[in-house]
>>> print(open('query_3.cif').read())   # mmCIF, C-alpha atoms
data_work
#
loop_
_atom_site.label_atom_id
_atom_site.label_comp_id
_atom_site.auth_asym_id
_atom_site.auth_seq_id
_atom_site.Cartn_x
_atom_site.Cartn_y
_atom_site.Cartn_z
CA MET A 1 0.00 0.00 0.00
CA GLU A 2 2.78 2.39 1.00
CA ARG A 3 4.71 1.71 -2.21
CA LEU A 4 1.54 2.29 -4.25
CA MET A 5 0.96 5.63 -2.54
CA ASP A 6 4.58 6.66 -3.20
CA LEU A 7 4.14 5.71 -6.84
CA LEU A 8 0.96 7.79 -7.04
CA THR A 9 2.79 10.74 -5.47
CA GLY A 10 5.54 10.37 -8.09
CA VAL A 11 3.07 10.17 -10.97
CA SER A 12 1.20 13.24 -9.67
CA LEU A 13 4.43 15.24 -9.39
CA VAL A 14 5.52 14.24 -12.89
CA LEU A 15 2.08 15.19 -14.22
CA ILE A 16 2.23 18.61 -12.50
CA ALA A 17 5.74 19.21 -13.84
CA ALA A 18 4.72 18.16 -17.37
CA ILE A 19 1.70 20.50 -17.29
CA LEU A 20 3.72 23.45 -16.03
CA VAL A 21 6.44 22.91 -18.64
CA SER A 22 3.79 22.61 -21.38
CA VAL A 23 2.12 25.82 -20.23
CA ARG A 24 5.45 27.62 -20.10
CA ARG A 25 6.25 26.49 -23.65
CA ALA A 26 2.73 27.48 -24.74
CA HIS A 27 1.90 23.91 -25.80
CA ILE A 28 -1.20 24.04 -23.60
CA ARG A 29 -3.20 27.19 -23.09
CA VAL A 30 -3.54 28.22 -19.44
CA GLU A 31 -7.33 27.81 -19.41
CA TYR A 32 -7.04 24.20 -20.57
CA SER A 33 -4.28 23.36 -18.12
CA VAL A 34 -6.45 24.17 -15.09
CA SER A 35 -8.40 20.88 -15.28
CA TRP A 36 -5.22 18.83 -15.52
CA LEU A 37 -3.52 20.74 -12.69
CA ALA A 38 -6.58 20.31 -10.46
CA ALA A 39 -6.65 16.57 -11.21
CA ALA A 40 -2.92 16.14 -10.56
CA VAL A 41 -2.97 18.14 -7.31
CA THR A 42 -6.01 16.18 -6.08
CA LEU A 43 -4.20 12.90 -6.75
CA LEU A 44 -1.09 14.23 -5.00
CA ILE A 45 -3.08 15.17 -1.88
CA LEU A 46 -4.90 11.82 -1.85
CA SER A 47 -1.64 9.92 -2.16
CA ARG A 48 -0.44 11.59 1.06
CA CYS A 49 -3.67 10.95 3.03
CA GLU A 50 -3.56 7.22 3.71
CA GLY A 51 -5.86 7.53 6.73
CA PHE A 52 -8.49 9.32 4.68
CA LEU A 53 -8.34 6.62 2.00
CA MET A 54 -8.75 3.86 4.62
CA SER A 55 -11.81 5.63 6.08
CA LEU A 56 -13.24 6.13 2.59
CA ALA A 57 -12.67 2.45 1.74
CA ARG A 58 -14.49 1.38 4.92
CA TRP A 59 -17.34 3.81 4.21
CA LEU A 60 -17.69 2.55 0.63
CA GLY A 61 -17.47 -1.05 1.80
CA VAL A 62 -14.37 -1.69 -0.31
CA GLY A 63 -11.93 -4.10 1.23
CA GLU A 64 -8.81 -2.76 -0.47
CA PRO A 65 -7.86 0.97 -0.25
CA PRO A 66 -5.97 0.79 -3.62
CA VAL A 67 -9.35 0.19 -5.28
CA VAL A 68 -10.49 3.52 -3.82
CA ILE A 69 -7.49 5.25 -5.39
CA LEU A 70 -8.37 3.66 -8.72
CA LEU A 71 -11.99 4.78 -8.41
CA LEU A 72 -11.07 8.33 -7.43
CA GLY A 73 -8.47 8.57 -10.22
CA ALA A 74 -10.97 7.31 -12.79
CA GLY A 75 -13.62 9.73 -11.49
CA ILE A 76 -11.29 12.72 -11.62
CA PHE A 77 -10.16 11.95 -15.16
CA LEU A 78 -13.72 11.32 -16.32
CA ILE A 79 -14.57 14.86 -15.18
CA VAL A 80 -11.53 16.21 -17.00
CA PHE A 81 -12.45 14.34 -20.19
CA PHE A 82 -16.04 15.51 -19.98
CA ARG A 83 -14.89 19.11 -19.67
CA PHE A 84 -12.67 18.67 -22.72
CA SER A 85 -15.57 17.17 -24.66
CA LEU A 86 -17.55 20.32 -23.94
CA ILE A 87 -14.63 22.47 -25.08
CA ILE A 88 -14.08 20.41 -28.24
CA SER A 89 -17.78 20.60 -29.12
CA GLU A 90 -17.74 24.36 -28.72
CA LEU A 91 -14.58 24.63 -30.82
CA LYS A 92 -16.09 22.41 -33.53
CA ASP A 93 -19.19 24.62 -33.72
CA ALA A 94 -16.97 27.68 -34.00
CA ASN A 95 -14.86 25.98 -36.70
CA VAL A 96 -17.91 25.03 -38.75
CA ALA A 97 -19.32 28.55 -38.54
CA LEU A 98 -15.94 30.06 -39.47
CA THR A 99 -15.41 27.66 -42.37
CA GLN A 100 -18.85 28.45 -43.75
CA ARG A 101 -18.31 32.19 -43.29
CA VAL A 102 -14.91 32.11 -45.03
CA ALA A 103 -16.40 30.17 -47.96
CA ILE A 104 -19.34 32.58 -48.28
CA LEU A 105 -17.07 35.65 -48.12
CA GLU A 106 -14.74 34.12 -50.70
CA TYR A 107 -17.72 33.41 -52.96
CA LYS A 108 -18.97 36.99 -52.64
CA LEU A 109 -15.49 38.38 -53.26
CA GLU A 110 -15.05 36.26 -56.39
CA THR A 111 -18.48 37.33 -57.66
CA LEU A 112 -17.61 40.97 -57.03
CA CYS A 113 -14.26 40.61 -58.82
CA GLU A 114 -15.95 38.94 -61.79
CA GLN A 115 -18.51 41.74 -61.97
CA GLN A 116 -15.80 44.41 -61.83
CA THR A 117 -13.73 42.60 -64.46
CA GLY A 118 -16.81 42.40 -66.67
CA GLN A 119 -17.54 46.12 -66.21
CA GLY A 120 -13.90 46.99 -66.88
CA GLN A 121 -13.90 45.01 -70.12
CA LYS A 122 -17.18 46.59 -71.17
CA GLN A 123 -15.82 50.10 -70.53
CA ALA A 124 -12.63 49.29 -72.45
CA GLY A 125 -14.77 48.04 -75.33
CA ASP A 126 -16.87 51.25 -75.27
CA VAL A 127 -13.73 53.42 -75.44
CA ARG A 128 -12.43 51.38 -78.37
CA TYR A 129 -15.60 51.94 -80.36
CA MET B 1 -48.31 25.72 -64.77
CA ASN B 2 -46.29 24.85 -67.89
CA GLU B 3 -42.89 25.87 -66.57
CA PRO B 4 -43.38 25.90 -62.81
CA TRP B 5 -39.67 26.24 -62.13
CA LYS B 6 -39.71 29.75 -63.59
CA VAL B 7 -40.40 31.45 -60.30
CA ASP B 8 -38.32 34.21 -58.82
CA GLY B 9 -35.90 33.20 -56.14
CA LEU B 10 -35.44 29.49 -56.88
CA LEU B 11 -31.99 28.01 -56.33
CA LEU B 12 -30.85 24.45 -56.91
CA LEU B 13 -28.30 23.35 -54.36
CA VAL B 14 -25.91 20.48 -55.06
CA PRO B 15 -23.65 19.46 -52.14
CA ALA B 16 -20.65 17.57 -53.46
CA TYR B 17 -17.69 15.72 -51.98
CA ASN B 18 -15.29 13.92 -54.32
CA GLU B 19 -17.90 13.72 -57.08
CA GLU B 20 -15.67 14.71 -59.98
CA ALA B 21 -17.00 11.81 -62.05
CA THR B 22 -20.64 12.90 -61.91
CA VAL B 23 -21.06 16.51 -60.79
CA GLY B 24 -20.47 18.01 -64.25
CA GLN B 25 -23.06 15.74 -65.83
CA VAL B 26 -25.53 16.50 -63.03
CA VAL B 27 -25.13 20.26 -63.54
CA ARG B 28 -25.49 19.96 -67.32
CA GLU B 29 -28.60 17.81 -66.94
CA ILE B 30 -30.13 20.38 -64.58
CA GLN B 31 -29.37 23.20 -67.00
CA GLN B 32 -30.88 21.30 -69.93
CA THR B 33 -33.99 20.35 -67.97
CA LEU B 34 -34.47 23.62 -66.10
CA PRO B 35 -32.84 26.35 -68.20
CA GLY B 36 -32.25 29.61 -66.42
CA VAL B 37 -32.43 28.24 -62.89
CA PRO B 38 -29.24 29.05 -60.93
CA VAL B 39 -27.26 26.02 -59.73
CA LEU B 40 -24.99 26.30 -56.72
CA VAL B 41 -22.56 23.44 -56.10
CA VAL B 42 -21.17 23.40 -52.57
CA ASP B 43 -17.80 21.68 -52.71
CA ASP B 44 -17.02 20.16 -49.32
CA CYS B 45 -13.23 20.50 -49.75
CA SER B 46 -13.00 17.65 -52.25
CA ALA B 47 -9.62 16.07 -52.91
CA ASP B 48 -10.42 15.57 -56.60
CA GLY B 49 -11.49 17.97 -59.33
CA THR B 50 -15.11 18.39 -58.21
CA ARG B 51 -14.84 22.17 -58.01
CA ASP B 52 -13.40 22.56 -61.52
CA ALA B 53 -15.82 20.04 -63.03
CA ALA B 54 -18.77 21.95 -61.55
CA ARG B 55 -17.41 25.31 -62.74
CA GLN B 56 -16.74 24.02 -66.25
CA ALA B 57 -20.30 22.72 -66.42
CA GLY B 58 -21.54 26.24 -65.67
CA ALA B 59 -22.48 26.07 -61.98
CA GLN B 60 -21.69 28.62 -59.33
CA VAL B 61 -19.38 27.01 -56.79
CA LEU B 62 -19.18 27.64 -53.06
CA SER B 63 -15.90 26.09 -51.94
CA LEU B 64 -15.48 25.15 -48.31
CA PRO B 65 -11.86 25.49 -47.14
CA HIS B 66 -12.27 22.56 -44.75
CA HIS B 67 -14.26 19.32 -44.98
CA LEU B 68 -17.42 19.69 -42.86
CA GLY B 69 -19.53 16.66 -43.74
CA LEU B 70 -22.91 16.68 -45.44
CA GLY B 71 -24.83 18.74 -42.88
CA GLY B 72 -22.25 21.51 -42.63
CA CYS B 73 -21.90 21.54 -46.41
CA VAL B 74 -25.66 21.85 -47.02
CA GLN B 75 -25.99 24.47 -44.28
CA ALA B 76 -23.28 26.58 -45.94
CA GLY B 77 -25.39 26.53 -49.10
CA TYR B 78 -28.52 27.43 -47.13
CA LYS B 79 -26.69 30.32 -45.44
CA LEU B 80 -25.52 31.74 -48.76
CA ALA B 81 -28.95 31.27 -50.34
CA CYS B 82 -30.51 33.03 -47.37
CA GLU B 83 -28.09 35.95 -47.61
CA LEU B 84 -28.64 36.26 -51.37
CA GLY B 85 -32.39 36.46 -50.82
CA TYR B 86 -33.55 33.20 -52.43
CA GLN B 87 -37.11 32.16 -51.60
CA TYR B 88 -36.95 28.46 -52.49
CA VAL B 89 -34.00 26.09 -52.39
CA ILE B 90 -34.16 22.56 -53.75
CA ARG B 91 -31.31 20.20 -52.97
CA LEU B 92 -30.13 17.48 -55.34
CA ASP B 93 -27.36 14.95 -54.85
CA ALA B 94 -24.21 15.28 -56.94
CA ASP B 95 -24.09 11.57 -57.76
CA GLY B 96 -26.99 11.75 -60.21
CA GLN B 97 -29.49 9.79 -58.12
CA HIS B 98 -32.04 12.60 -58.30
CA ASP B 99 -33.79 13.36 -61.55
CA PRO B 100 -33.99 17.11 -62.25
CA ARG B 101 -37.30 16.49 -64.06
CA ASP B 102 -38.82 16.05 -60.58
CA VAL B 103 -37.76 19.52 -59.42
CA PRO B 104 -40.96 21.16 -60.75
CA ARG B 105 -43.04 18.67 -58.71
CA ILE B 106 -41.19 19.58 -55.53
CA LEU B 107 -41.47 23.29 -56.24
CA GLN B 108 -45.15 22.93 -57.05
CA ALA B 109 -45.71 21.13 -53.76
CA LEU B 110 -43.97 23.96 -51.90
CA LEU B 111 -46.00 26.59 -53.71
CA GLU B 112 -49.40 24.91 -53.50
CA SER B 113 -49.33 23.13 -50.15
CA GLY B 114 -47.93 26.04 -48.16
CA CYS B 115 -45.64 23.56 -46.42
CA GLU B 116 -42.20 24.70 -45.39
CA MET B 117 -40.47 21.62 -46.81
CA ALA B 118 -41.19 19.14 -49.61
CA ILE B 119 -39.43 15.78 -49.68
CA GLY B 120 -38.88 13.84 -52.88
CA SER B 121 -39.90 10.28 -52.01
CA ARG B 122 -39.01 7.11 -53.87
CA TYR B 123 -41.85 5.28 -52.13
CA ILE B 124 -44.91 7.15 -53.37
CA ASP B 125 -45.68 5.99 -56.89
CA GLY B 126 -41.98 6.02 -57.70
CA GLU B 127 -41.19 4.63 -61.11
CA HIS B 128 -37.72 3.48 -60.06
CA ASP B 129 -37.62 2.66 -56.38
CA TYR B 130 -33.88 2.41 -56.24
CA ALA B 131 -32.32 1.84 -52.82
CA SER B 132 -29.73 -0.66 -51.61
CA PRO B 133 -31.09 -3.45 -49.33
CA LEU B 134 -29.26 -1.97 -46.34
CA ARG B 135 -30.68 1.47 -47.01
CA ALA B 136 -34.17 0.07 -47.60
CA LEU B 137 -33.99 -1.66 -44.21
CA GLY B 138 -32.83 1.56 -42.56
CA ILE B 139 -35.63 3.52 -44.21
CA LYS B 140 -38.23 1.07 -42.89
CA PHE B 141 -36.74 1.28 -39.39
CA PHE B 142 -36.74 5.07 -39.33
CA ARG B 143 -40.22 5.22 -40.85
CA LEU B 144 -41.52 3.24 -37.87
CA LEU B 145 -39.47 5.23 -35.37
CA LEU B 146 -40.51 8.61 -36.72
CA ARG B 147 -44.22 7.97 -37.01
CA PRO B 148 -45.06 8.60 -33.32
CA ILE B 149 -42.60 11.48 -33.12
CA LEU B 150 -43.75 13.29 -36.24
CA GLY B 151 -47.40 12.30 -35.92
CA LYS B 152 -47.54 11.17 -39.53
CA VAL B 153 -45.93 8.69 -41.86
CA VAL B 154 -42.83 9.80 -43.73
CA ARG B 155 -42.21 7.17 -46.37
CA ASP B 156 -38.71 8.22 -47.34
CA PRO B 157 -37.15 9.95 -44.33
CA THR B 158 -33.57 9.57 -45.57
CA SER B 159 -34.22 11.29 -48.89
CA GLY B 160 -31.83 14.11 -49.69
CA PHE B 161 -34.04 15.36 -52.52
CA VAL B 162 -35.72 18.14 -50.55
CA GLY B 163 -37.03 21.60 -51.19
CA VAL B 164 -37.48 24.31 -48.60
CA ASN B 165 -39.18 27.68 -48.63
CA ARG B 166 -37.83 30.89 -47.16
CA THR B 167 -39.12 30.19 -43.65
CA ALA B 168 -37.41 26.81 -43.41
CA LEU B 169 -34.35 28.26 -45.15
CA GLU B 170 -33.96 30.87 -42.44
CA LEU B 171 -34.34 28.22 -39.74
CA PHE B 172 -31.79 25.87 -41.34
CA ALA B 173 -29.35 28.72 -41.95
CA ARG B 174 -29.34 29.23 -38.18
CA SER B 175 -29.47 25.62 -37.04
CA PHE B 176 -28.91 22.45 -39.04
CA PRO B 177 -27.68 18.97 -38.06
CA LEU B 178 -24.03 18.59 -38.97
CA GLU B 179 -23.41 15.02 -40.05
CA TYR B 180 -26.50 13.12 -41.21
CA PRO B 181 -29.06 15.87 -41.56
CA GLU B 182 -32.14 14.43 -43.29
CA ILE B 183 -33.90 12.68 -40.41
CA GLU B 184 -32.86 15.13 -37.71
CA ALA B 185 -33.99 18.04 -39.89
CA LEU B 186 -37.45 16.48 -40.06
CA VAL B 187 -37.62 16.29 -36.29
CA VAL B 188 -36.41 19.89 -35.92
CA LEU B 189 -39.06 21.06 -38.40
CA GLN B 190 -41.79 19.17 -36.59
CA ARG B 191 -40.74 20.51 -33.20
CA LYS B 192 -40.78 24.04 -34.63
CA ALA B 193 -44.36 23.39 -35.83
CA PHE B 194 -43.38 23.60 -39.49
CA ARG B 195 -45.04 21.34 -42.04
CA PHE B 196 -43.64 19.10 -44.73
CA VAL B 197 -45.07 17.11 -47.58
CA GLU B 198 -43.82 14.12 -49.57
CA VAL B 199 -43.76 14.15 -53.34
CA PRO B 200 -43.34 11.08 -55.57
CA CYS B 201 -39.98 11.19 -57.36
CA ARG B 202 -37.79 8.97 -59.49
CA PHE B 203 -34.56 7.82 -57.92
CA ARG B 204 -31.77 6.35 -59.99
CA PRO B 205 -28.65 4.36 -59.16
CA ARG B 206 -25.48 6.40 -58.68
CA GLN B 207 -24.28 7.63 -62.07
CA GLY B 208 -20.64 7.20 -61.05
CA GLY B 209 -18.16 7.56 -58.21
CA LYS B 210 -18.32 5.56 -55.01
CA SER B 211 -20.69 5.74 -52.05
CA SER B 212 -19.07 6.64 -48.73
CA ILE B 213 -21.52 4.44 -46.79
CA THR B 214 -19.95 1.17 -45.64
CA THR B 215 -21.52 -1.39 -43.28
CA LEU B 216 -19.59 0.04 -40.34
CA ARG B 217 -20.62 3.57 -41.24
CA ALA B 218 -24.23 2.45 -41.62
CA PHE B 219 -24.12 1.20 -38.03
CA TYR B 220 -22.55 4.48 -36.87
CA TYR B 221 -25.21 6.33 -38.87
CA LEU B 222 -27.95 4.39 -37.08
CA ILE B 223 -26.60 5.21 -33.61
CA HIS B 224 -25.83 8.82 -34.50
CA VAL B 225 -29.26 9.50 -35.97
CA LEU B 226 -31.08 7.77 -33.12
CA LEU B 227 -29.21 9.94 -30.65
CA GLY B 228 -29.82 13.03 -32.77
CA VAL B 229 -33.56 12.35 -32.89
CA PHE B 230 -33.64 11.82 -29.13
CA VAL B 231 -31.68 15.03 -28.46
CA ASN B 232 -33.88 17.11 -30.74
CA VAL B 233 -37.04 15.73 -29.15
CA LEU B 234 -35.67 16.79 -25.76
CA ARG B 235 -34.29 20.12 -26.97
CA TYR B 236 -37.42 21.51 -28.59
CA PRO B 237 -40.94 21.43 -27.16
CA SER B 238 -43.47 19.61 -29.33
CA GLY B 239 -45.00 21.58 -32.19
CA ARG B 240 -47.33 18.89 -33.42
CA LYS B 241 -50.43 21.08 -33.27
CA ARG B 242 -49.80 22.62 -36.68
CA GLN B 243 -49.14 19.28 -38.39
CA LYS B 244 -51.95 17.82 -40.42
CA PRO B 245 -53.45 15.13 -38.15
CA SER B 246 -53.77 12.54 -40.93
CA GLY B 247 -51.14 9.81 -41.03
CA GLU B 248 -51.21 9.87 -44.81
CA PRO B 249 -48.85 11.98 -46.90
CA LEU B 250 -50.32 15.34 -47.87
CA TRP B 251 -49.41 14.83 -51.51
CA ASN B 252 -52.13 13.39 -53.72
CA ALA B 253 -50.55 12.56 -57.04
#
>>> encode(input="query_3.cif", output="structure tokens")
Amino acid sequence: MERLMDLLTGVSLVLIAAILVSVRRAHIRVEYSVSWLAAAVTLLILSRCEGFLMSLARWLGVGEPPVVILLLGAGIFLIVFFRFSLIISELKDANVALTQRVAILEYKLETLCEQQTGQGQKQAGDVRY
Amino acid sequence: MNEPWKVDGLLLLVPAYNEEATVGQVVREIQQTLPGVPVLVVDDCSADGTRDAARQAGAQVLSLPHHLGLGGCVQAGYKLACELGYQYVIRLDADGQHDPRDVPRILQALLESGCEMAIGSRYIDGEHDYASPLRALGIKFFRLLLRPILGKVVRDPTSGFVGVNRTALELFARSFPLEYPEIEALVVLQRKAFRFVEVPCRFRPRQGGKSSITTLRAFYYLIHVLLGVFVNVLRYPSGRKRQKPSGEPLWNA
């Protein structure tokens, strides 16, 4: 149990370090790093609260405290993934709207250019005659 | 009405994705059958020469810079049509399955029934009821599923041969299902208390190219559309009151 908790502490610290480095290098935007940081810090705190985990395991009726860690970890990351699904959906909607808008503006611009070219040619023809 | 397609504000919309082999022929056939009616091909960022083939055939082309899927592609066309002030938009597939000779029927149904949408159906007096066995099975399933939701029978709910008037156009320009739009669009219309009518049409086999629907995708389609129907039923309050109570199609050929 103790070794497992130490391992969890190590993983949490590595995760926190990786997130901070990624934010510093602008690989992750700050607003999207918050969920990961919260998840990693929560895991770090839990890994140092063995007594709390034992109480929680007894309360849940789970014989083995490591199962509680697994459950909590899975729960935390499910929340993180759900939040990212919301963000991705919002970004997809924005992308679709932008793509459609760019195409429509391009179409209108091309039509305008064609009209101007046509008028220019007509005026040139009038001058010639 | 001898030439019912000669109404102001009619646009024919052809969404296309990698349909180089057929889109040119489809545009030419439309122009021969319905001279003078503007044709807008919406190219969903095709990897082949769809855009050039459509242009060479004489269509206006709206080119999406990124692949959006059928719903996003059709909605882009609806948005442009809405901004350009069109009153009626009729959508045809770029693979040649829809016969442009049926466009006047759909337009006539829109004009005479007062419905917001007219659906070209291969199952009402269709001369060529072409559909693959898998698709036919799916159509039967969705027909049964949709009947209690829509309050009427829709014989060909997966048909992409649809016409809309200005009211539906404005709605779809604002909100339209992104991936597999036909069935979800019906539910959205019904929940908004809009009406639709089915019109008998000829459907033909693909004139060329390759269908993107595989068995795996058909299964994904089923799940996706089921979820979409469920979500739209939850999202919008029922608007069944304005629907004609009869379970029969409104169209009497």
>>> residues_near_point(input="query_3.cif", point="(-21.6, 23.5, -57.2)", cutoff="8 Å", atoms="all atoms listed in the file", output="VMD selection string")
chain B and resid 13 to 16 23 27 39 to 43 51 54 to 55 59 to 62
>>> atom_distance(input="query_3.cif", atom1="CA of Tyr86 (chain B)", atom2="CA of Leu12 (chain B)")
10.2 Å
>>> atom_distance(input="query_3.cif", atom1="CA of His98 (chain B)", atom2="CA of Ile223 (chain B)")
26.3 Å
>>> resolve_selection(input="query_3.cif", expression="the PyMOL selection byres ((chain A and resi 80) around 12)", output="list of chain:residue names")
A:Tyr32, A:Ser33, A:Val34, A:Ser35, A:Trp36, A:Leu37, A:Ala38, A:Ala39, A:Ala40, A:Gly73, A:Ala74, A:Gly75, A:Ile76, A:Phe77, A:Leu78, A:Ile79, A:Phe81, A:Phe82, A:Arg83, A:Phe84, A:Ser85, A:Leu86, A:Ile87
>>> write_last_selection(input="query_3.cif", atoms="C-alpha atoms", output="PDB file, keeping the file's coordinate frame")
ATOM      1  CA  TYR A  32      -7.040  24.200 -20.570  1.00  0.00           C
ATOM      2  CA  SER A  33      -4.280  23.360 -18.120  1.00  0.00           C
ATOM      3  CA  VAL A  34      -6.450  24.170 -15.090  1.00  0.00           C
ATOM      4  CA  SER A  35      -8.400  20.880 -15.280  1.00  0.00           C
ATOM      5  CA  TRP A  36      -5.220  18.830 -15.520  1.00  0.00           C
ATOM      6  CA  LEU A  37      -3.520  20.740 -12.690  1.00  0.00           C
ATOM      7  CA  ALA A  38      -6.580  20.310 -10.460  1.00  0.00           C
ATOM      8  CA  ALA A  39      -6.650  16.570 -11.210  1.00  0.00           C
ATOM      9  CA  ALA A  40      -2.920  16.140 -10.560  1.00  0.00           C
ATOM     10  CA  GLY A  73      -8.470   8.570 -10.220  1.00  0.00           C
ATOM     11  CA  ALA A  74     -10.970   7.310 -12.790  1.00  0.00           C
ATOM     12  CA  GLY A  75     -13.620   9.730 -11.490  1.00  0.00           C
ATOM     13  CA  ILE A  76     -11.290  12.720 -11.620  1.00  0.00           C
ATOM     14  CA  PHE A  77     -10.160  11.950 -15.160  1.00  0.00           C
ATOM     15  CA  LEU A  78     -13.720  11.320 -16.320  1.00  0.00           C
ATOM     16  CA  ILE A  79     -14.570  14.860 -15.180  1.00  0.00           C
ATOM     17  CA  PHE A  81     -12.450  14.340 -20.190  1.00  0.00           C
ATOM     18  CA  PHE A  82     -16.040  15.510 -19.980  1.00  0.00           C
ATOM     19  CA  ARG A  83     -14.890  19.110 -19.670  1.00  0.00           C
ATOM     20  CA  PHE A  84     -12.670  18.670 -22.720  1.00  0.00           C
ATOM     21  CA  SER A  85     -15.570  17.170 -24.660  1.00  0.00           C
ATOM     22  CA  LEU A  86     -17.550  20.320 -23.940  1.00  0.00           C
ATOM     23  CA  ILE A  87     -14.630  22.470 -25.080  1.00  0.00           C
TER      24      ILE A  87
END
>>> interface_residues(input="query_3.cif", of="chain A", to="chain B", cutoff="7 Å", atoms="all atoms listed in the file", output="VMD selection string")
chain A and resid 96 99 to 100 103 to 104 107
>>> residues_around(input="query_3.cif", residues="Leu44 (chain A)", least_positions_apart="2", cutoff="6 Å", atoms="only C-alpha atoms", output="ChimeraX atom specification")
/A:9,12,41-42,46-47
>>> atom_distance(input="query_3.cif", atom1="CA of Leu105 (chain A)", atom2="CA of Gly9 (chain B)")
20.6 Å
>>> resolve_selection(input="query_3.cif", expression="the PyMOL selection byres ((chain B and resi 22) around 10)", output="list in words")
Ala16, Asn18, Glu19, Glu20, Ala21, Val23, Gly24, Gln25, Val26, Val27, Thr50, Ala53, Ala54, Asp93, Ala94, Asp95, Gly96, Arg206, Gln207, Gly208 and Gly209 of chain B
>>> residues_around(input="query_3.cif", residues="region 113-125 of chain B", least_positions_apart="6", cutoff="10 Å", atoms="only C-alpha atoms", output="MDAnalysis selection string")
chainID B and resid 88:92 98 102:103 105:107 131 154:169 182 186 189 193:204 243 249:253
>>> write_last_selection(input="query_3.cif", atoms="C-alpha atoms", output="PDB file, in the frame of the given file")
ATOM      1  CA  TYR B  88     -36.950  28.460 -52.490  1.00  0.00           C
ATOM      2  CA  VAL B  89     -34.000  26.090 -52.390  1.00  0.00           C
ATOM      3  CA  ILE B  90     -34.160  22.560 -53.750  1.00  0.00           C
ATOM      4  CA  ARG B  91     -31.310  20.200 -52.970  1.00  0.00           C
ATOM      5  CA  LEU B  92     -30.130  17.480 -55.340  1.00  0.00           C
ATOM      6  CA  HIS B  98     -32.040  12.600 -58.300  1.00  0.00           C
ATOM      7  CA  ASP B 102     -38.820  16.050 -60.580  1.00  0.00           C
ATOM      8  CA  VAL B 103     -37.760  19.520 -59.420  1.00  0.00           C
ATOM      9  CA  ARG B 105     -43.040  18.670 -58.710  1.00  0.00           C
ATOM     10  CA  ILE B 106     -41.190  19.580 -55.530  1.00  0.00           C
ATOM     11  CA  LEU B 107     -41.470  23.290 -56.240  1.00  0.00           C
ATOM     12  CA  ALA B 131     -32.320   1.840 -52.820  1.00  0.00           C
ATOM     13  CA  VAL B 154     -42.830   9.800 -43.730  1.00  0.00           C
ATOM     14  CA  ARG B 155     -42.210   7.170 -46.370  1.00  0.00           C
ATOM     15  CA  ASP B 156     -38.710   8.220 -47.340  1.00  0.00           C
ATOM     16  CA  PRO B 157     -37.150   9.950 -44.330  1.00  0.00           C
ATOM     17  CA  THR B 158     -33.570   9.570 -45.570  1.00  0.00           C
ATOM     18  CA  SER B 159     -34.220  11.290 -48.890  1.00  0.00           C
ATOM     19  CA  GLY B 160     -31.830  14.110 -49.690  1.00  0.00           C
ATOM     20  CA  PHE B 161     -34.040  15.360 -52.520  1.00  0.00           C
ATOM     21  CA  VAL B 162     -35.720  18.140 -50.550  1.00  0.00           C
ATOM     22  CA  GLY B 163     -37.030  21.600 -51.190  1.00  0.00           C
ATOM     23  CA  VAL B 164     -37.480  24.310 -48.600  1.00  0.00           C
ATOM     24  CA  ASN B 165     -39.180  27.680 -48.630  1.00  0.00           C
ATOM     25  CA  ARG B 166     -37.830  30.890 -47.160  1.00  0.00           C
ATOM     26  CA  THR B 167     -39.120  30.190 -43.650  1.00  0.00           C
ATOM     27  CA  ALA B 168     -37.410  26.810 -43.410  1.00  0.00           C
ATOM     28  CA  LEU B 169     -34.350  28.260 -45.150  1.00  0.00           C
ATOM     29  CA  GLU B 182     -32.140  14.430 -43.290  1.00  0.00           C
ATOM     30  CA  LEU B 186     -37.450  16.480 -40.060  1.00  0.00           C
ATOM     31  CA  LEU B 189     -39.060  21.060 -38.400  1.00  0.00           C
ATOM     32  CA  ALA B 193     -44.360  23.390 -35.830  1.00  0.00           C
ATOM     33  CA  PHE B 194     -43.380  23.600 -39.490  1.00  0.00           C
ATOM     34  CA  ARG B 195     -45.040  21.340 -42.040  1.00  0.00           C
ATOM     35  CA  PHE B 196     -43.640  19.100 -44.730  1.00  0.00           C
ATOM     36  CA  VAL B 197     -45.070  17.110 -47.580  1.00  0.00           C
ATOM     37  CA  GLU B 198     -43.820  14.120 -49.570  1.00  0.00           C
ATOM     38  CA  VAL B 199     -43.760  14.150 -53.340  1.00  0.00           C
ATOM     39  CA  PRO B 200     -43.340  11.080 -55.570  1.00  0.00           C
ATOM     40  CA  CYS B 201     -39.980  11.190 -57.360  1.00  0.00           C
ATOM     41  CA  ARG B 202     -37.790   8.970 -59.490  1.00  0.00           C
ATOM     42  CA  PHE B 203     -34.560   7.820 -57.920  1.00  0.00           C
ATOM     43  CA  ARG B 204     -31.770   6.350 -59.990  1.00  0.00           C
ATOM     44  CA  GLN B 243     -49.140  19.280 -38.390  1.00  0.00           C
ATOM     45  CA  PRO B 249     -48.850  11.980 -46.900  1.00  0.00           C
ATOM     46  CA  LEU B 250     -50.320  15.340 -47.870  1.00  0.00           C
ATOM     47  CA  TRP B 251     -49.410  14.830 -51.510  1.00  0.00           C
ATOM     48  CA  ASN B 252     -52.130  13.390 -53.720  1.00  0.00           C
ATOM     49  CA  ALA B 253     -50.550  12.560 -57.040  1.00  0.00           C
TER      50      ALA B 253
END
>>> closest_residue(input="query_3.cif", among="B:Lys192, B:Val229, B:Thr214, B:Gly71", to="Phe142 (chain B)", atoms="all atoms listed in the file")
B:Val229
>>> residues_around(input="query_3.cif", residues="Met54 (chain A)", least_positions_apart="5", cutoff="9 Å", atoms="only C-alpha atoms", output="list in words")
Cys49, Trp59, Glu64, Pro65 and Val68 of chain A
>>> residues_around(input="query_3.cif", residues="Ile19 (chain A)", least_positions_apart="2", cutoff="9 Å", atoms="only C-alpha atoms", output="list in words")
Val14, Leu15, Ile16, Ala17, Val21, Ser22, Val23, Arg24, Ile28, Ser33, Trp36 and Leu37 of chain A
